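Student: Sharing coords.tsv below, TSV, C-alpha atoms (C1' of nucleotides):
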```
chain	number	residue	atom	x	y	z
A	1	MET	CA	0.06	-39.69	-27.00
A	2	VAL	CA	0.50	-36.00	-27.78
A	3	SER	CA	3.74	-34.36	-26.84
A	4	ARG	CA	3.71	-31.34	-24.64
A	5	PRO	CA	6.23	-28.59	-23.99
A	6	PRO	CA	8.28	-29.14	-20.82
A	7	THR	CA	6.72	-26.15	-19.07
A	8	LEU	CA	3.23	-24.91	-19.70
A	9	ASP	CA	3.93	-21.28	-18.94
A	10	CYS	CA	7.44	-20.33	-19.97
A	11	SER	CA	7.01	-16.59	-19.47
A	12	ARG	CA	5.75	-17.12	-15.95
A	13	GLN	CA	8.64	-19.46	-15.26
A	14	LYS	CA	11.04	-16.75	-16.34
A	15	GLU	CA	9.37	-14.23	-14.03
A	16	LYS	CA	9.68	-16.64	-11.15
A	17	GLU	CA	13.45	-16.84	-11.45
A	18	LYS	CA	13.72	-13.19	-10.48
A	19	ILE	CA	11.07	-13.06	-7.81
A	20	VAL	CA	12.38	-11.29	-4.72
A	21	PRO	CA	13.13	-13.94	-2.06
A	22	ARG	CA	11.72	-14.00	1.44
A	23	SER	CA	15.17	-13.26	2.85
A	24	PHE	CA	15.10	-9.80	1.26
A	25	TYR	CA	12.12	-8.79	3.39
A	26	GLU	CA	13.51	-10.32	6.57
A	27	ASN	CA	16.15	-7.60	6.79
A	28	PRO	CA	16.00	-6.08	10.30
A	29	ASP	CA	16.44	-2.60	8.79
A	30	VAL	CA	13.10	-1.60	7.27
A	31	VAL	CA	14.66	1.56	5.81
A	32	LYS	CA	17.07	-0.56	3.78
A	33	VAL	CA	14.18	-2.64	2.47
A	34	ALA	CA	12.23	0.50	1.55
A	35	LYS	CA	15.20	1.80	-0.44
A	36	GLY	CA	15.88	-1.63	-1.88
A	37	LEU	CA	12.37	-1.99	-3.26
A	38	LEU	CA	12.92	1.03	-5.50
A	39	GLY	CA	13.54	-0.20	-9.02
A	40	LYS	CA	11.90	-3.57	-8.39
A	41	SER	CA	8.56	-4.37	-10.02
A	42	LEU	CA	5.16	-5.12	-8.52
A	43	PHE	CA	2.67	-7.26	-10.41
A	44	THR	CA	-0.77	-8.76	-10.09
A	45	ARG	CA	-2.37	-11.38	-12.24
A	46	ILE	CA	-6.15	-11.31	-12.13
A	47	GLU	CA	-8.24	-13.43	-14.47
A	48	GLY	CA	-5.13	-14.11	-16.51
A	49	ILE	CA	-4.24	-10.46	-17.01
A	50	ILE	CA	-0.88	-9.26	-15.72
A	51	THR	CA	-0.63	-5.63	-14.65
A	52	GLY	CA	2.24	-3.90	-12.94
A	53	GLY	CA	5.14	-1.52	-12.98
A	54	ILE	CA	8.43	-0.41	-11.48
A	55	ILE	CA	8.33	0.77	-7.88
A	56	ILE	CA	9.45	4.39	-7.80
A	57	GLU	CA	8.28	5.60	-4.38
A	58	THR	CA	8.19	3.90	-0.96
A	59	GLU	CA	7.88	4.70	2.73
A	60	ALA	CA	9.22	2.81	5.72
A	61	TYR	CA	7.02	2.17	8.78
A	62	ALA	CA	9.28	1.19	11.61
A	63	GLY	CA	6.96	-0.65	13.96
A	64	VAL	CA	5.62	-0.38	17.49
A	65	ASN	CA	7.76	2.64	18.39
A	66	ASP	CA	6.89	4.58	15.23
A	67	LYS	CA	4.03	6.99	15.95
A	68	ALA	CA	3.09	7.00	12.27
A	69	SER	CA	2.66	3.23	12.11
A	70	HIS	CA	-0.63	1.41	12.53
A	71	VAL	CA	1.09	-0.80	15.08
A	72	TYR	CA	2.33	2.07	17.24
A	73	ASN	CA	2.25	1.24	20.93
A	74	ASN	CA	1.88	-2.47	20.16
A	75	ARG	CA	-1.56	-2.03	18.63
A	76	ARG	CA	-2.42	-5.49	17.42
A	77	THR	CA	-5.81	-5.94	15.86
A	78	LYS	CA	-7.47	-7.90	13.12
A	79	ARG	CA	-6.44	-5.13	10.73
A	80	THR	CA	-2.76	-5.01	11.70
A	81	GLU	CA	-2.31	-8.71	12.41
A	82	VAL	CA	-0.26	-9.54	9.31
A	83	MET	CA	2.27	-6.87	10.16
A	84	TYR	CA	3.34	-9.06	13.07
A	85	GLY	CA	3.81	-12.03	10.78
A	86	PRO	CA	6.91	-12.92	8.75
A	87	GLY	CA	8.29	-10.62	6.04
A	88	GLY	CA	7.33	-10.98	2.40
A	89	ILE	CA	3.56	-10.76	2.91
A	90	ALA	CA	1.15	-8.07	1.71
A	91	TYR	CA	-0.45	-5.81	4.32
A	92	ILE	CA	-3.46	-4.23	2.64
A	93	TYR	CA	-5.81	-1.78	4.26
A	94	PHE	CA	-8.69	0.41	3.28
A	95	CYS	CA	-8.34	4.12	3.90
A	96	TYR	CA	-10.53	7.22	3.79
A	97	GLY	CA	-13.50	5.09	2.86
A	98	MET	CA	-12.34	4.62	-0.71
A	99	HIS	CA	-8.73	3.64	-1.21
A	100	HIS	CA	-6.78	0.44	-0.78
A	101	LEU	CA	-3.09	0.75	0.11
A	102	ILE	CA	-0.45	-1.96	-0.15
A	103	ASN	CA	2.57	-2.56	2.09
A	104	ALA	CA	5.27	-5.19	2.01
A	105	VAL	CA	5.61	-6.61	5.52
A	106	THR	CA	9.27	-6.77	6.55
A	107	ASN	CA	11.43	-8.24	9.32
A	108	VAL	CA	10.79	-11.55	11.04
A	109	GLU	CA	7.71	-12.93	12.72
A	110	GLY	CA	6.85	-10.94	15.83
A	111	ILE	CA	8.41	-7.67	14.65
A	112	ALA	CA	5.84	-5.51	12.90
A	113	GLN	CA	7.45	-3.41	10.20
A	114	ALA	CA	6.34	-2.63	6.67
A	115	VAL	CA	7.06	-0.65	3.52
A	116	LEU	CA	4.24	1.31	1.90
A	117	ILE	CA	4.39	1.25	-1.89
A	118	ARG	CA	3.40	4.73	-3.02
A	119	ALA	CA	3.98	4.89	-6.78
A	120	LEU	CA	4.86	2.82	-9.83
A	121	HIS	CA	6.10	3.51	-13.29
A	122	PRO	CA	3.52	1.50	-15.28
A	123	THR	CA	4.95	-1.18	-17.58
A	124	HIS	CA	2.49	-4.09	-17.91
A	125	GLY	CA	-1.21	-4.29	-18.75
A	126	LEU	CA	-1.58	-0.61	-19.50
A	127	LYS	CA	-4.94	-1.05	-21.15
A	128	THR	CA	-6.43	-2.93	-18.21
A	129	MET	CA	-4.98	-0.44	-15.74
A	130	CYS	CA	-6.54	2.44	-17.65
A	131	GLU	CA	-9.89	0.67	-17.61
A	132	ARG	CA	-9.72	0.07	-13.87
A	133	ARG	CA	-8.82	3.71	-13.33
A	134	GLY	CA	-11.52	5.04	-15.65
A	135	LYS	CA	-9.02	6.56	-18.02
A	136	THR	CA	-8.95	6.49	-21.81
A	137	LYS	CA	-5.17	6.79	-22.04
A	138	VAL	CA	-2.03	6.46	-19.97
A	139	ASP	CA	-1.13	9.59	-18.08
A	140	LYS	CA	1.12	10.64	-15.24
A	141	THR	CA	-1.46	9.75	-12.57
A	142	LEU	CA	-2.21	6.20	-13.72
A	143	THR	CA	-0.14	4.53	-10.98
A	144	SER	CA	1.10	7.50	-8.94
A	145	GLY	CA	-0.13	7.50	-5.37
A	146	PRO	CA	-0.75	4.48	-3.14
A	147	GLY	CA	-4.51	4.42	-3.71
A	148	SER	CA	-4.23	4.88	-7.45
A	149	LEU	CA	-1.71	2.11	-7.98
A	150	CYS	CA	-3.83	-0.37	-6.03
A	151	LYS	CA	-6.85	0.50	-8.13
A	152	ALA	CA	-4.83	0.13	-11.34
A	153	LEU	CA	-3.50	-3.29	-10.30
A	154	GLY	CA	-6.87	-4.45	-8.97
A	155	ILE	CA	-5.56	-4.78	-5.41
A	156	THR	CA	-8.29	-5.01	-2.77
A	157	MET	CA	-8.67	-6.64	0.65
A	158	GLU	CA	-8.78	-9.93	-1.26
A	159	PHE	CA	-4.99	-9.59	-1.23
A	160	TYR	CA	-4.68	-9.10	2.53
A	161	GLY	CA	-1.99	-11.49	3.77
A	162	GLU	CA	-1.08	-12.65	0.28
A	163	PRO	CA	2.59	-13.69	-0.03
A	164	LEU	CA	4.57	-11.42	-2.35
A	165	ASP	CA	5.79	-14.42	-4.33
A	166	SER	CA	2.38	-15.86	-5.16
A	167	SER	CA	0.88	-16.50	-8.57
A	168	ARG	CA	-1.46	-13.50	-8.40
A	169	LEU	CA	0.77	-11.01	-6.55
A	170	TRP	CA	4.52	-10.79	-6.74
A	171	ILE	CA	7.54	-8.50	-6.71
A	172	LYS	CA	10.31	-9.11	-9.21
A	173	ASP	CA	13.89	-7.91	-9.22
A	174	SER	CA	14.32	-6.29	-12.60
A	175	GLY	CA	18.04	-5.81	-12.03
A	176	LEU	CA	17.64	-2.06	-12.04
A	177	VAL	CA	20.17	-0.28	-9.87
A	178	VAL	CA	19.30	3.10	-8.44
A	179	PRO	CA	22.36	5.36	-8.08
A	180	ASP	CA	22.45	7.39	-4.87
A	181	GLY	CA	22.28	10.54	-6.95
A	182	ASN	CA	18.86	9.51	-8.25
A	183	LEU	CA	17.45	8.79	-4.82
A	184	LEU	CA	15.41	11.46	-3.04
A	185	THR	CA	14.72	11.13	0.70
A	186	THR	CA	11.97	13.12	2.44
A	187	PRO	CA	9.60	12.90	5.40
A	188	ARG	CA	6.55	10.70	4.94
A	189	ILE	CA	3.30	11.94	3.41
A	190	GLY	CA	0.05	12.31	5.31
A	191	VAL	CA	1.33	11.47	8.78
A	192	ASP	CA	1.05	14.84	10.50
A	193	TYR	CA	-0.67	13.11	13.42
A	194	ALA	CA	2.64	11.35	14.25
A	195	GLY	CA	4.22	14.33	16.03
A	196	ASP	CA	8.02	14.26	15.90
A	197	ASP	CA	8.01	10.97	13.99
A	198	ALA	CA	6.35	12.77	11.09
A	199	LEU	CA	9.75	14.37	10.48
A	200	LEU	CA	11.69	11.11	10.06
A	201	PRO	CA	13.34	10.80	6.60
A	202	TYR	CA	11.50	7.60	5.69
A	203	ARG	CA	10.14	8.38	2.22
A	204	PHE	CA	12.20	7.37	-0.81
A	205	VAL	CA	11.66	8.38	-4.43
A	206	ILE	CA	13.47	7.62	-7.68
A	207	LEU	CA	14.13	10.83	-9.53
B	1	DA	C1'	-24.13	1.57	20.13
B	2	DT	C1'	-21.80	5.62	18.80
B	3	DT	C1'	-18.26	8.33	17.02
B	4	DG	C1'	-14.06	10.30	15.09
B	5	DA	C1'	-10.52	10.24	12.07
B	6	DG	C1'	-7.65	8.29	8.59
B	7	DA	C1'	-0.25	6.08	5.39
B	8	DT	C1'	-5.88	9.65	-0.44
B	9	DT	C1'	-7.66	11.43	-4.71
B	10	DA	C1'	-9.96	14.33	-8.00
B	11	DT	C1'	-12.18	18.38	-8.46
B	12	DT	C1'	-13.49	23.38	-7.31
C	1	DA	C1'	-9.48	24.03	-0.14
C	2	DT	C1'	-12.69	20.28	0.13
C	3	DA	C1'	-16.07	16.51	-0.82
C	4	DA	C1'	-16.29	11.76	-1.36
C	5	DT	C1'	-16.98	7.53	1.53
C	6	DC	C1'	-16.45	3.51	5.05
C	7	DT	C1'	-13.89	0.59	8.23
C	8	DC	C1'	-11.97	0.12	12.43
C	9	DA	C1'	-10.87	1.04	17.02
C	10	DA	C1'	-11.67	3.70	21.07
C	11	DT	C1'	-15.07	5.33	24.01
C	12	DC	C1'	-19.44	5.71	26.33
```
Show me the file's structure as structure tokens.
Tutor:
Amino acid sequence: MVSRPPTLDCSRQKEKEKIVPRSFYENPDVVKVAKGLLGKSLFTRIEGIITGGIIIETEAYAGVNDKASHVYNNRRTKRTEVMYGPGGIAYIYFCYGMHHLINAVTNVEGIAQAVLIRALHPTHGLKTMCERRGKTKVDKTLTSGPGSLCKALGITMEFYGEPLDSSRLWIKDSGLVVPDGNLLTTPRIGVDYAGDDALLPYRFVIL
DNA sequence: ATTGAGATTATT
DNA sequence: ATAATCTCAATC
């Protein structure tokens, strides 16, 4: 009999200890979750390759009364279905015919809120992310912008409904604390169609 | 069956 | 400023 180490994947085990728990996403205040996700890290593992980075920009989408949200006026379709599910799940959608965007669904089952992840500071799998983005070297745009970061991490509709604590998609608490002084709050990007709700201070950026 | 517009990005 | 590009949902 050959002996074997107690765990096959120690590094992964270590990651798992800090994975953000379901309870974090169940917070009834989606704005708090959006702020709280700043400084945490988003990862994918595809074909054994881990890519990811620190979340530095988010937006809150407040649900059926938010004119900017896909679920405004109780719109419930195949596309938006996961937003009505429990928190801690990925809501992915395809936009402008070419970009995938990723949200963390928040709140409890039946209440459709989500946080759009808009930018990362790249930390893991830089080479792979550059390849996916068609770049020869890391630059400022590698994972800045919701479409760009999804492309860099290989996120597609395959990840629709994926739990955010799964083996191929997860968010980790890196213990980073964001001081209020380093937090910028602005209206959301690209939601001019939302009338007065376009003015809500629901975008959060680490300076 | 058709159509219009979108939580964007890279380039002109 | 604008082309690229396609899915979905609303409308006819």
Student: Up to 8 Å from chain A, what residues of chain C turn up? Count only C-alpha atoms (C1' of nucleotides) and give them as a PyMOL selection string.
Tutor: chain C and resi 5-8
Student: Please return, as a list of chain:residue names, all residues of chain A lying within 10 Å of chain B when only C-alpha atoms (C1' of nucleotides) are considered.
Tutor: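 Within 10 Å of chain B on chain A, we get A:Glu59, A:Tyr61, A:Ala68, A:Ser69, A:His70, A:Tyr93, A:Phe94, A:Cys95, A:Tyr96, A:Gly97, A:Met98, A:His99, A:His100, A:Leu101, A:Ile102, A:Asn103, A:Leu116, A:Ile117, A:Arg118, A:Gly145, A:Pro146, A:Gly147, A:Ser148, A:Arg188, A:Ile189, A:Gly190, A:Val191, A:Tyr193.
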Student: Calculate how many Å separate CA of Gly85 (chain A) from CA of Arg45 (chain A), rounding to one decimal.
Tutor: 23.8 Å
Student: Just to confirm, what's the straight-line distance from CA of Leu176 (chain A) to CA of Gly39 (chain A) in Å (one decimal)?
Tutor: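 One can read the CA of Leu176 (chain A) to CA of Gly39 (chain A) distance as 5.4 Å.
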Student: To one decimal place, how far is CA of Ala104 (chain A) from CA of Ser174 (chain A) in Å?
Tutor: 17.2 Å
